[in-house]
$ cat data-v3.tsv   # TSV, C-alpha atoms and all ligand atoms
chain	number	residue	atom	x	y	z
A	1	MET	CA	-52.29	36.98	-183.19
A	2	THR	CA	-53.55	34.10	-181.05
A	3	ALA	CA	-52.56	34.13	-177.42
A	4	LEU	CA	-49.46	32.07	-176.74
A	5	TYR	CA	-51.35	30.11	-174.11
A	6	ARG	CA	-53.75	28.82	-176.72
A	7	LYS	CA	-51.05	28.27	-179.31
A	8	TYR	CA	-48.95	26.15	-176.96
A	9	ARG	CA	-51.61	24.19	-175.15
A	10	PRO	CA	-50.68	20.50	-175.28
A	11	GLN	CA	-52.01	18.70	-178.37
A	12	ASP	CA	-51.56	15.08	-177.34
A	13	PHE	CA	-50.77	13.02	-174.25
A	14	ASP	CA	-47.00	13.24	-174.81
A	15	ASP	CA	-47.24	17.03	-174.85
A	16	VAL	CA	-48.75	17.18	-171.38
A	17	VAL	CA	-46.29	18.30	-168.70
A	18	GLY	CA	-46.98	17.07	-165.17
A	19	GLN	CA	-50.29	15.28	-164.41
A	20	GLU	CA	-48.59	11.91	-165.03
A	21	PRO	CA	-51.17	9.86	-163.06
A	22	VAL	CA	-54.03	11.30	-165.11
A	23	VAL	CA	-52.26	10.67	-168.41
A	24	ARG	CA	-51.31	7.12	-167.41
A	25	THR	CA	-54.82	6.18	-166.32
A	26	LEU	CA	-56.50	7.64	-169.40
A	27	LYS	CA	-54.04	5.94	-171.75
A	28	ASN	CA	-54.59	2.61	-170.01
A	29	ALA	CA	-58.34	2.97	-170.32
A	30	ILE	CA	-58.05	3.72	-174.04
A	31	GLU	CA	-55.69	0.79	-174.64
A	32	LEU	CA	-57.95	-1.61	-172.78
A	33	GLY	CA	-61.10	-0.27	-174.41
A	34	GLN	CA	-62.40	0.73	-170.98
A	35	VAL	CA	-63.02	4.42	-171.45
A	36	ARG	CA	-65.61	5.63	-168.97
A	37	GLN	CA	-68.54	7.73	-170.08
A	38	ALA	CA	-68.36	10.37	-167.37
A	39	TYR	CA	-65.20	11.99	-166.09
A	40	LEU	CA	-64.75	14.70	-163.52
A	41	PHE	CA	-61.55	16.74	-163.88
A	42	ALA	CA	-60.94	18.77	-160.74
A	43	GLY	CA	-58.10	21.14	-159.92
A	44	PRO	CA	-56.96	24.74	-159.73
A	45	ARG	CA	-57.44	27.02	-162.73
A	46	GLY	CA	-54.82	26.90	-165.44
A	47	THR	CA	-53.66	23.36	-164.69
A	48	GLY	CA	-54.75	21.98	-168.07
A	49	LYS	CA	-58.11	20.33	-167.41
A	50	THR	CA	-59.82	21.52	-170.60
A	51	SER	CA	-56.72	20.75	-172.66
A	52	MET	CA	-56.72	17.21	-171.28
A	53	ALA	CA	-60.43	16.86	-172.08
A	54	ARG	CA	-59.75	17.84	-175.69
A	55	ILE	CA	-56.87	15.40	-175.93
A	56	LEU	CA	-59.15	12.64	-174.67
A	57	ALA	CA	-61.72	13.64	-177.30
A	58	LYS	CA	-59.05	13.46	-180.02
A	59	ALA	CA	-57.88	10.08	-178.77
A	60	LEU	CA	-61.42	8.78	-179.15
A	61	ASN	CA	-62.38	10.47	-182.39
A	62	CYS	CA	-59.13	10.54	-184.37
A	63	GLU	CA	-59.42	8.85	-187.77
A	64	HIS	CA	-57.11	6.20	-186.33
A	65	GLY	CA	-58.87	6.12	-183.00
A	66	PRO	CA	-59.55	5.18	-180.41
A	67	THR	CA	-55.81	5.53	-179.89
A	68	THR	CA	-53.44	6.83	-177.22
A	69	THR	CA	-51.51	8.64	-179.95
A	70	PRO	CA	-53.99	10.71	-181.97
A	71	ASP	CA	-52.24	12.00	-185.09
A	72	THR	CA	-53.34	15.63	-184.44
A	73	VAL	CA	-53.54	16.22	-188.22
A	74	CYS	CA	-56.66	14.43	-189.45
A	75	HIS	CA	-59.88	16.38	-189.89
A	76	ALA	CA	-61.32	15.21	-186.57
A	77	CYS	CA	-58.18	16.13	-184.59
A	78	VAL	CA	-57.81	19.52	-186.24
A	79	SER	CA	-61.44	20.47	-185.75
A	80	ILE	CA	-61.29	19.45	-182.09
A	81	ALA	CA	-58.16	21.54	-181.62
A	82	ASN	CA	-59.72	24.64	-183.14
A	83	GLY	CA	-63.08	24.15	-181.51
A	84	SER	CA	-65.12	23.57	-184.68
A	85	SER	CA	-65.82	19.85	-184.25
A	86	LEU	CA	-69.50	18.95	-184.38
A	87	ASP	CA	-68.86	15.95	-182.15
A	88	VAL	CA	-67.04	17.73	-179.36
A	89	VAL	CA	-69.10	20.37	-177.64
A	90	GLU	CA	-67.62	22.69	-175.05
A	91	VAL	CA	-70.08	24.26	-172.69
A	92	ASP	CA	-69.19	27.04	-170.29
A	93	ALA	CA	-71.34	26.15	-167.32
A	94	ALA	CA	-70.72	29.57	-165.80
A	95	SER	CA	-72.91	31.15	-168.47
A	96	GLN	CA	-75.00	28.18	-169.67
A	97	ARG	CA	-75.93	26.79	-166.32
A	98	GLY	CA	-79.69	26.62	-166.37
A	99	ILE	CA	-82.21	23.91	-166.99
A	100	ASP	CA	-82.98	25.07	-170.55
A	101	ASP	CA	-79.35	24.83	-171.59
A	102	ILE	CA	-79.16	21.33	-170.19
A	103	ARG	CA	-82.45	20.30	-171.83
A	104	GLU	CA	-80.95	21.36	-175.11
A	105	ILE	CA	-77.90	19.21	-174.45
A	106	ARG	CA	-80.16	16.35	-173.45
A	107	ASP	CA	-82.11	16.58	-176.68
A	108	ARG	CA	-79.01	16.71	-178.81
A	109	VAL	CA	-76.89	13.99	-177.23
A	110	VAL	CA	-79.15	11.22	-178.49
A	111	LEU	CA	-78.10	12.09	-182.05
A	112	GLN	CA	-75.31	10.00	-183.52
A	113	PRO	CA	-71.85	11.58	-183.80
A	114	ALA	CA	-71.37	13.45	-187.09
A	115	GLU	CA	-68.03	11.98	-188.10
A	116	GLY	CA	-66.24	10.39	-185.14
A	117	ASN	CA	-66.98	7.42	-182.92
A	118	TYR	CA	-68.08	9.52	-179.99
A	119	LYS	CA	-69.86	12.66	-179.01
A	120	ALA	CA	-67.98	14.37	-176.22
A	121	TYR	CA	-69.41	17.06	-173.99
A	122	ILE	CA	-66.89	19.13	-172.08
A	123	LEU	CA	-68.55	21.19	-169.37
A	124	ASP	CA	-66.22	23.83	-167.99
A	125	GLU	CA	-66.77	25.33	-164.52
A	126	ALA	CA	-69.23	22.50	-163.92
A	127	HIS	CA	-69.71	23.39	-160.24
A	128	GLN	CA	-71.71	26.40	-161.43
A	129	LEU	CA	-74.51	24.28	-162.87
A	130	THR	CA	-77.76	24.64	-160.96
A	131	ASP	CA	-79.07	21.65	-159.01
A	132	GLN	CA	-81.95	21.49	-161.47
A	133	ALA	CA	-79.53	21.28	-164.35
A	134	TRP	CA	-77.57	18.51	-162.64
A	135	ASN	CA	-80.72	16.56	-161.98
A	136	ALA	CA	-81.59	16.78	-165.65
A	137	LEU	CA	-78.12	15.42	-166.45
A	138	LEU	CA	-78.05	12.66	-163.86
A	139	LYS	CA	-80.10	10.19	-165.82
A	140	LEU	CA	-77.88	10.71	-168.85
A	141	ILE	CA	-74.77	10.15	-166.79
A	142	GLU	CA	-76.31	7.04	-165.32
A	143	GLU	CA	-77.46	5.46	-168.57
A	144	PRO	CA	-75.69	7.25	-171.37
A	145	PRO	CA	-76.13	6.24	-175.00
A	146	PRO	CA	-73.03	4.21	-175.98
A	147	HIS	CA	-71.44	6.96	-178.08
A	148	LEU	CA	-71.53	9.64	-175.39
A	149	VAL	CA	-68.69	10.85	-173.14
A	150	PHE	CA	-69.00	13.62	-170.56
A	151	VAL	CA	-66.05	15.49	-169.12
A	152	PHE	CA	-66.95	17.82	-166.28
A	153	CYS	CA	-64.20	20.28	-165.37
A	154	THR	CA	-64.26	22.11	-162.08
A	155	THR	CA	-62.08	24.26	-159.88
A	156	ASP	CA	-64.26	23.45	-156.89
A	157	LEU	CA	-64.81	19.73	-156.42
A	158	ALA	CA	-66.56	20.20	-153.08
A	159	LYS	CA	-69.41	22.04	-154.80
A	160	VAL	CA	-70.19	19.17	-157.16
A	161	LEU	CA	-73.14	17.08	-155.95
A	162	ALA	CA	-72.15	13.81	-154.31
A	163	THR	CA	-74.61	11.95	-156.55
A	164	VAL	CA	-72.73	13.27	-159.58
A	165	ARG	CA	-69.31	12.55	-158.14
A	166	SER	CA	-70.22	8.96	-157.42
A	167	ARG	CA	-71.17	8.43	-161.07
A	168	CYS	CA	-67.98	9.89	-162.54
A	169	GLN	CA	-64.37	8.84	-162.52
A	170	THR	CA	-62.65	11.74	-160.81
A	171	PHE	CA	-59.14	12.99	-161.53
A	172	VAL	CA	-57.54	15.64	-159.40
A	173	PHE	CA	-55.14	17.83	-161.35
A	174	ALA	CA	-52.10	18.86	-159.35
A	175	ARG	CA	-50.55	22.31	-159.49
A	176	PRO	CA	-47.47	21.93	-161.68
A	177	ARG	CA	-44.11	22.12	-159.93
A	178	LEU	CA	-41.71	24.94	-160.72
A	179	PRO	CA	-39.43	22.89	-163.03
A	180	ASP	CA	-42.50	21.76	-165.02
A	181	LEU	CA	-43.63	25.35	-165.48
A	182	VAL	CA	-40.14	26.35	-166.56
A	183	ARG	CA	-40.09	23.48	-169.07
A	184	VAL	CA	-43.30	24.72	-170.65
A	185	LEU	CA	-42.01	28.30	-170.75
A	186	ARG	CA	-38.77	27.12	-172.34
A	187	ARG	CA	-40.78	25.28	-175.00
A	188	VAL	CA	-42.70	28.46	-175.80
A	189	CYS	CA	-39.45	30.47	-175.97
A	190	GLU	CA	-37.95	28.00	-178.43
A	191	GLY	CA	-41.07	27.99	-180.57
A	192	GLU	CA	-41.27	31.78	-180.66
A	193	GLY	CA	-37.58	32.57	-180.95
A	194	LEU	CA	-37.67	34.30	-177.58
A	195	ASP	CA	-34.53	35.04	-175.69
A	196	ALA	CA	-34.86	34.54	-171.93
A	197	PRO	CA	-32.43	33.36	-169.24
A	198	ASP	CA	-33.45	30.52	-166.91
A	199	ALA	CA	-33.56	32.91	-163.95
A	200	ALA	CA	-36.21	35.02	-165.71
A	201	LEU	CA	-38.30	31.97	-166.53
A	202	ALA	CA	-38.01	30.69	-162.96
A	203	LEU	CA	-39.22	34.06	-161.73
A	204	ILE	CA	-42.21	34.02	-164.08
A	205	ALA	CA	-42.99	30.47	-162.95
A	206	ARG	CA	-42.81	31.48	-159.30
A	207	GLY	CA	-45.23	34.34	-159.90
A	208	ALA	CA	-47.68	32.05	-161.71
A	209	ARG	CA	-48.34	30.07	-158.52
A	210	GLY	CA	-49.00	26.79	-160.24
A	211	SER	CA	-50.94	27.95	-163.28
A	212	PHE	CA	-49.65	27.09	-166.76
A	213	ARG	CA	-52.02	29.65	-168.19
A	214	ASP	CA	-50.79	32.49	-165.97
A	215	ALA	CA	-47.15	31.59	-166.60
A	216	VAL	CA	-47.48	31.59	-170.39
A	217	SER	CA	-49.66	34.72	-170.36
A	218	THR	CA	-47.02	36.58	-168.36
A	219	LEU	CA	-44.35	35.49	-170.82
A	220	ASP	CA	-46.62	36.62	-173.64
A	221	GLN	CA	-46.98	40.10	-172.13
A	222	LEU	CA	-43.27	40.36	-171.46
A	223	ALA	CA	-42.35	39.31	-174.98
A	224	SER	CA	-44.38	42.12	-176.51
A	225	ALA	CA	-43.28	44.65	-173.88
A	226	THR	CA	-39.57	43.91	-174.31
A	227	GLY	CA	-39.40	43.18	-178.04
A	228	ASN	CA	-38.64	39.49	-177.42
A	229	ALA	CA	-35.69	40.01	-175.07
A	230	VAL	CA	-37.03	38.98	-171.68
A	231	ASP	CA	-34.66	39.49	-168.75
A	232	VAL	CA	-34.88	39.24	-164.97
A	233	GLN	CA	-35.31	42.98	-164.56
A	234	SER	CA	-38.29	43.16	-166.91
A	235	VAL	CA	-39.98	40.26	-165.11
A	236	LEU	CA	-39.48	41.91	-161.73
A	237	GLN	CA	-40.90	45.13	-163.08
A	238	LEU	CA	-43.98	43.56	-164.61
A	239	LEU	CA	-44.78	41.36	-161.63
A	240	GLY	CA	-43.73	43.93	-159.04
A	241	ALA	CA	-41.98	40.93	-157.55
A	242	VAL	CA	-39.02	40.97	-155.25
A	243	GLU	CA	-35.84	39.37	-156.44
A	244	GLU	CA	-35.17	36.26	-154.37
A	245	ASP	CA	-31.75	37.58	-153.62
A	246	ALA	CA	-33.27	40.52	-151.74
A	247	LEU	CA	-35.23	38.16	-149.47
A	248	PHE	CA	-32.10	36.19	-148.67
A	249	ARG	CA	-30.16	39.38	-147.98
A	250	ILE	CA	-32.75	40.67	-145.52
A	251	CYS	CA	-32.63	37.38	-143.65
A	252	ASP	CA	-28.83	37.40	-143.73
A	253	ALA	CA	-28.90	40.80	-142.03
A	254	ILE	CA	-31.14	39.30	-139.36
A	255	VAL	CA	-28.73	36.39	-138.86
A	256	GLU	CA	-25.96	38.97	-138.35
A	257	ARG	CA	-28.25	41.05	-136.12
A	258	ASP	CA	-27.30	43.91	-138.42
A	259	THR	CA	-30.12	46.37	-137.75
A	260	ALA	CA	-28.58	49.23	-139.72
A	261	GLY	CA	-27.83	46.98	-142.68
A	262	ALA	CA	-31.42	45.73	-142.80
A	263	LEU	CA	-32.89	49.24	-142.60
A	264	VAL	CA	-30.53	50.69	-145.20
A	265	PHE	CA	-31.40	47.85	-147.54
A	266	ILE	CA	-35.15	48.50	-147.15
A	267	GLU	CA	-34.43	52.16	-147.87
A	268	GLU	CA	-32.59	51.19	-151.06
A	269	LEU	CA	-35.41	48.94	-152.22
A	270	ALA	CA	-37.97	51.68	-151.58
A	271	GLU	CA	-35.88	54.13	-153.57
A	272	GLN	CA	-35.69	51.69	-156.47
A	273	GLY	CA	-39.48	51.80	-156.51
A	274	GLN	CA	-40.00	48.38	-154.93
A	275	ASP	CA	-43.56	47.95	-153.70
A	276	LEU	CA	-43.01	47.36	-149.97
A	277	GLY	CA	-46.38	45.67	-149.57
A	278	ARG	CA	-45.27	43.11	-152.09
A	279	LEU	CA	-41.97	42.81	-150.26
A	280	VAL	CA	-43.75	42.02	-146.98
A	281	ASN	CA	-45.80	39.30	-148.67
A	282	ASP	CA	-42.82	37.79	-150.46
A	283	LEU	CA	-40.78	37.91	-147.26
A	284	LEU	CA	-43.54	36.02	-145.45
A	285	GLU	CA	-43.53	33.40	-148.20
A	286	HIS	CA	-39.75	33.12	-147.85
A	287	LEU	CA	-40.04	32.70	-144.07
A	288	ARG	CA	-42.65	30.02	-144.62
A	289	HIS	CA	-40.16	28.15	-146.80
A	290	LEU	CA	-37.48	28.47	-144.12
A	291	MET	CA	-39.90	27.24	-141.48
A	292	LEU	CA	-40.85	24.20	-143.58
A	293	VAL	CA	-37.20	23.31	-144.14
A	294	GLN	CA	-36.45	23.71	-140.43
A	295	HIS	CA	-39.31	21.50	-139.33
A	296	MET	CA	-39.20	18.91	-142.10
A	297	GLY	CA	-35.43	18.62	-142.15
A	298	HIS	CA	-35.26	18.96	-145.94
A	299	VAL	CA	-36.48	21.22	-148.74
A	300	PRO	CA	-39.90	19.85	-149.76
A	301	ASP	CA	-40.28	19.11	-153.48
A	302	SER	CA	-43.42	21.19	-153.65
A	303	LEU	CA	-41.59	24.48	-153.04
A	304	PRO	CA	-41.41	26.65	-156.15
A	305	VAL	CA	-37.64	27.08	-156.14
A	306	THR	CA	-34.73	26.36	-158.44
A	307	ASP	CA	-31.92	23.95	-157.47
A	308	GLU	CA	-29.64	26.84	-156.69
A	309	THR	CA	-32.19	28.43	-154.37
A	310	ARG	CA	-32.81	25.07	-152.76
A	311	GLU	CA	-29.21	24.95	-151.56
A	312	ARG	CA	-29.30	28.51	-150.28
A	313	LEU	CA	-32.58	27.88	-148.50
A	314	ARG	CA	-31.11	24.90	-146.69
A	315	GLU	CA	-28.16	27.01	-145.58
A	316	GLN	CA	-30.24	29.91	-144.35
A	317	ALA	CA	-32.63	27.59	-142.53
A	318	ASN	CA	-29.63	26.36	-140.55
A	319	GLN	CA	-28.41	29.86	-139.71
A	320	LEU	CA	-31.64	31.61	-138.76
A	321	PRO	CA	-32.90	30.40	-135.36
A	322	GLU	CA	-36.38	28.85	-135.45
A	323	PRO	CA	-37.86	31.26	-132.86
A	324	THR	CA	-36.66	34.22	-134.94
A	325	VAL	CA	-38.48	32.90	-137.99
A	326	LEU	CA	-41.71	32.51	-136.03
A	327	ARG	CA	-41.36	35.88	-134.31
A	328	LEU	CA	-40.77	37.66	-137.62
A	329	CYS	CA	-43.80	35.94	-139.15
A	330	ASP	CA	-45.92	37.25	-136.26
A	331	LEU	CA	-44.57	40.76	-136.63
A	332	LEU	CA	-45.05	40.84	-140.40
A	333	ALA	CA	-48.59	39.57	-140.01
A	334	VAL	CA	-49.24	42.90	-138.26
A	335	ALA	CA	-47.92	44.72	-141.32
A	336	VAL	CA	-50.22	42.68	-143.55
A	337	ASP	CA	-53.18	43.54	-141.33
A	338	ASP	CA	-52.26	47.22	-141.50
A	339	MET	CA	-52.07	47.07	-145.28
A	340	ARG	CA	-55.54	45.54	-145.46
A	341	GLN	CA	-56.81	48.62	-143.64
A	342	GLY	CA	-55.04	50.77	-146.20
A	343	GLY	CA	-52.00	51.49	-144.02
A	344	ASP	CA	-48.42	51.95	-145.19
A	345	PRO	CA	-46.39	48.76	-144.65
A	346	ARG	CA	-43.11	50.58	-144.25
A	347	LEU	CA	-43.17	51.38	-140.53
A	348	PRO	CA	-44.42	47.95	-139.38
A	349	LEU	CA	-41.83	46.32	-141.66
A	350	GLU	CA	-39.00	48.41	-140.23
A	351	LEU	CA	-40.23	47.88	-136.68
A	352	ALA	CA	-40.31	44.14	-137.26
A	353	LEU	CA	-36.72	44.17	-138.49
A	354	VAL	CA	-35.55	46.27	-135.52
A	355	LYS	CA	-37.32	43.98	-133.08
A	356	VAL	CA	-35.77	40.77	-134.42
A	357	THR	CA	-32.30	42.20	-134.89
A	358	ARG	CA	-32.24	43.96	-131.50
A	359	PRO	CA	-34.44	41.97	-129.13
A	360	GLY	CA	-33.03	44.08	-126.26
A	361	ALA	CA	-34.79	47.17	-127.59
A	362	ASP	CA	-38.19	45.51	-127.45
A	363	LEU	CA	-39.75	45.18	-124.01
A	364	SER	CA	-43.00	43.48	-125.03
A	365	ARG	CA	-43.93	40.21	-123.37
A	366	GLU	CA	-43.58	38.28	-126.64
A	367	SER	CA	-40.11	39.64	-127.05
A	368	LEU	CA	-39.08	38.73	-123.50
A	369	ALA	CA	-40.26	35.21	-124.11
A	370	PHE	CA	-38.42	35.24	-127.43
A	371	ARG	CA	-35.14	36.22	-125.76
B	1	ZN	ZN	-56.50	12.43	-185.85
$ encode --input "data-v3.tsv" --output "structure tokens" --more "lines below"
Ligand SMILES: [Zn+2]
Amino acid sequence: MTALYRKYRPQDFDDVVGQEPVVRTLKNAIELGQVRQAYLFAGPRGTGKTSMARILAKALNCEHGPTTTPDTVCHACVSIANGSSLDVVEVDAASQRGIDDIREIRDRVVLQPAEGNYKAYILDEAHQLTDQAWNALLKLIEEPPPHLVFVFCTTDLAKVLATVRSRCQTFVFARPRLPDLVRVLRRVCEGEGLDAPDAALALIARGARGSFRDAVSTLDQLASATGNAVDVQSVLQLLGAVEEDALFRICDAIVERDTAGALVFIEELAEQGQDLGRLVNDLLEHLRHLMLVQHMGHVPDSLPVTDETRERLREQANQLPEPTVLRLCDLLAVAVDDMRQGGDPRLPLELALVKVTRPGADLSRESLAFR
């Protein structure tokens, strides 16, 4: 069985979710006959750079191409999609990074395309190429034969030589927003006959931290683990994640200055097998969201939250005093430090909760200032 990520990677420009500026610019270039010969696709892993490179190759080499709407069914399109096209060569620069590999490319690119209009070279992890290899490529990038297109993909734009960057058109791929990730997951569910509530998909999306690949891979794992009935509980279990509701409840207890309530709740979570280290990290992320809302005056679009959570976040940001948020961040940072040294996060977590719910019990200088 092929991995779901591969099966559901976008096949044409209309399939691409997010990355609107990239799609728009590439389509314009194709329509105007102004396709460049060297592109640099930069962005975090799993944001669809290689998929986009393949779509561009299809657009150029489709039987009906160059076209912004490759048919995805002709021989050229199909062979590009399954990686067997003679005209579209994918190179993993992490393993083929040396001068000999590049010389080989250099010798081959002068040949005419086998069936399409163009030969396309897609170099993945391009920042790993050696300087020598880049230098061998530079001349080609500068004066390419007319049928040649390079797409360099990289997760680390800063490591790509300035001389290369100046010769390429660069696109920066954004991390997809939560609703975009959920849309893709929903599409996979429909295609696979998977049953999953929105809350479960939102949770998977949150855990994927902006990677389509991670999101779909998680769904893939869950589908086989649960026999195609994915629910919130199974997602939480697999990711070891903390249900958002728990984070809100802890902060509610702090608003109420309910020390006992907060401690009892931590006890319950621990008994349910919740990883407290994960809880500390998720709580910090939650506090960061609250802090952003408090200081920006609204919930920023970039936050990976559903509409429902958005509303709750706004409310809690109003209730929890700003100094408390900052103080708790400081205290939890200690817990994170402890964990890095192999310590148990439980005591520092509990101490932090006691200190912010009962500032009178804490005689440290920071606390006095905080009161
Ligand atoms: Zn085609």
$ atom_distance --input "data-v3.tsv" --atom1 "atom CA of A:Arg213" --atom2 "atom CA of A:Thr68"
24.6 Å
$ residues_around --input "data-v3.tsv" --residues "A:Val188" --least-positions-apart "5" --cutoff "10 Å" --atoms "only C-alpha atoms" --output "count of residues only"
12
$ atom_distance --input "data-v3.tsv" --atom1 "atom CA of A:Asn82" --atom2 "atom CA of A:Ala208"
25.7 Å
$ atom_distance --input "data-v3.tsv" --atom1 "atom CA of A:Phe150" --atom2 "atom CA of A:Asp214"
26.6 Å
$ closest_residue --input "data-v3.tsv" --among "A:Gln11, A:Asn135, A:Gln169, A:Thr163" --to "A:Ala29" --atoms "all atoms listed in the file"
A:Gln169
$ closest_atom_pairs --input "data-v3.tsv" --of "chain A" --to "ligand ZN 1 (chain B)" --cutoff "6 Å" --atoms "all atoms listed in the file" --output "CSV"
residue,atom,partner,partner_atom,distance
A:Cys62,CA,B:ZN1,ZN,3.6
A:Glu63,CA,B:ZN1,ZN,5.0
A:Pro70,CA,B:ZN1,ZN,4.9
A:Asp71,CA,B:ZN1,ZN,4.3
A:Thr72,CA,B:ZN1,ZN,4.7
A:Val73,CA,B:ZN1,ZN,5.4
A:Cys74,CA,B:ZN1,ZN,4.1
A:Ala76,CA,B:ZN1,ZN,5.6
A:Cys77,CA,B:ZN1,ZN,4.3
$ write_last_selection --input "data-v3.tsv" --atoms "C-alpha atoms" --output "PDB file, keeping the file's coordinate frame"
ATOM      1  CA  CYS A  62     -59.130  10.540-184.370  1.00  0.00           C
ATOM      2  CA  GLU A  63     -59.420   8.850-187.770  1.00  0.00           C
ATOM      3  CA  PRO A  70     -53.990  10.710-181.970  1.00  0.00           C
ATOM      4  CA  ASP A  71     -52.240  12.000-185.090  1.00  0.00           C
ATOM      5  CA  THR A  72     -53.340  15.630-184.440  1.00  0.00           C
ATOM      6  CA  VAL A  73     -53.540  16.220-188.220  1.00  0.00           C
ATOM      7  CA  CYS A  74     -56.660  14.430-189.450  1.00  0.00           C
ATOM      8  CA  ALA A  76     -61.320  15.210-186.570  1.00  0.00           C
ATOM      9  CA  CYS A  77     -58.180  16.130-184.590  1.00  0.00           C
TER      10      CYS A  77
END
$ closest_residue --input "data-v3.tsv" --among "A:Cys153, A:Leu326, A:Pro145, A:Gly46" --to "A:Ala94" --atoms "only C-alpha atoms"
A:Cys153
$ decode --input "data-v3.tsv" --residues "stretch 173-184 of chain A" --atoms "N, CA, C and O atoms" --output "compact mmCIF listing (two decimals), in the first residue's frame"
# COMPACT_ATOMS: atom_id res chain seq x y z
N PHE A 173 7.89 29.13 0.58
CA PHE A 173 6.67 28.39 0.90
C PHE A 173 6.31 28.61 2.36
O PHE A 173 7.13 28.38 3.25
N ALA A 174 5.06 29.05 2.58
CA ALA A 174 4.63 29.32 3.95
C ALA A 174 4.16 28.03 4.61
O ALA A 174 3.71 27.10 3.93
N ARG A 175 4.29 27.97 5.94
CA ARG A 175 3.66 26.87 6.66
C ARG A 175 2.16 27.00 6.50
O ARG A 175 1.61 28.09 6.69
N PRO A 176 1.48 25.91 6.14
CA PRO A 176 0.03 26.01 5.98
C PRO A 176 -0.65 26.35 7.30
O PRO A 176 -0.17 25.97 8.37
N ARG A 177 -1.77 27.08 7.21
CA ARG A 177 -2.53 27.41 8.41
C ARG A 177 -3.39 26.22 8.80
O ARG A 177 -3.64 25.32 8.00
N LEU A 178 -3.84 26.23 10.05
CA LEU A 178 -4.59 25.08 10.56
C LEU A 178 -5.78 24.69 9.68
O LEU A 178 -5.95 23.51 9.34
N PRO A 179 -6.62 25.66 9.26
CA PRO A 179 -7.77 25.27 8.42
C PRO A 179 -7.34 24.62 7.10
O PRO A 179 -8.04 23.73 6.60
N ASP A 180 -6.20 25.04 6.56
CA ASP A 180 -5.71 24.43 5.31
C ASP A 180 -5.30 22.97 5.55
O ASP A 180 -5.59 22.09 4.74
N LEU A 181 -4.63 22.73 6.67
CA LEU A 181 -4.24 21.36 7.01
C LEU A 181 -5.48 20.49 7.20
O LEU A 181 -5.55 19.36 6.72
N VAL A 182 -6.48 21.05 7.88
CA VAL A 182 -7.70 20.29 8.13
C VAL A 182 -8.39 19.96 6.80
O VAL A 182 -8.90 18.86 6.61
N ARG A 183 -8.37 20.92 5.88
CA ARG A 183 -8.99 20.70 4.56
C ARG A 183 -8.34 19.52 3.85
O ARG A 183 -9.01 18.67 3.27
N VAL A 184 -7.01 19.48 3.90
CA VAL A 184 -6.30 18.39 3.25
C VAL A 184 -6.63 17.06 3.93
O VAL A 184 -6.89 16.05 3.28
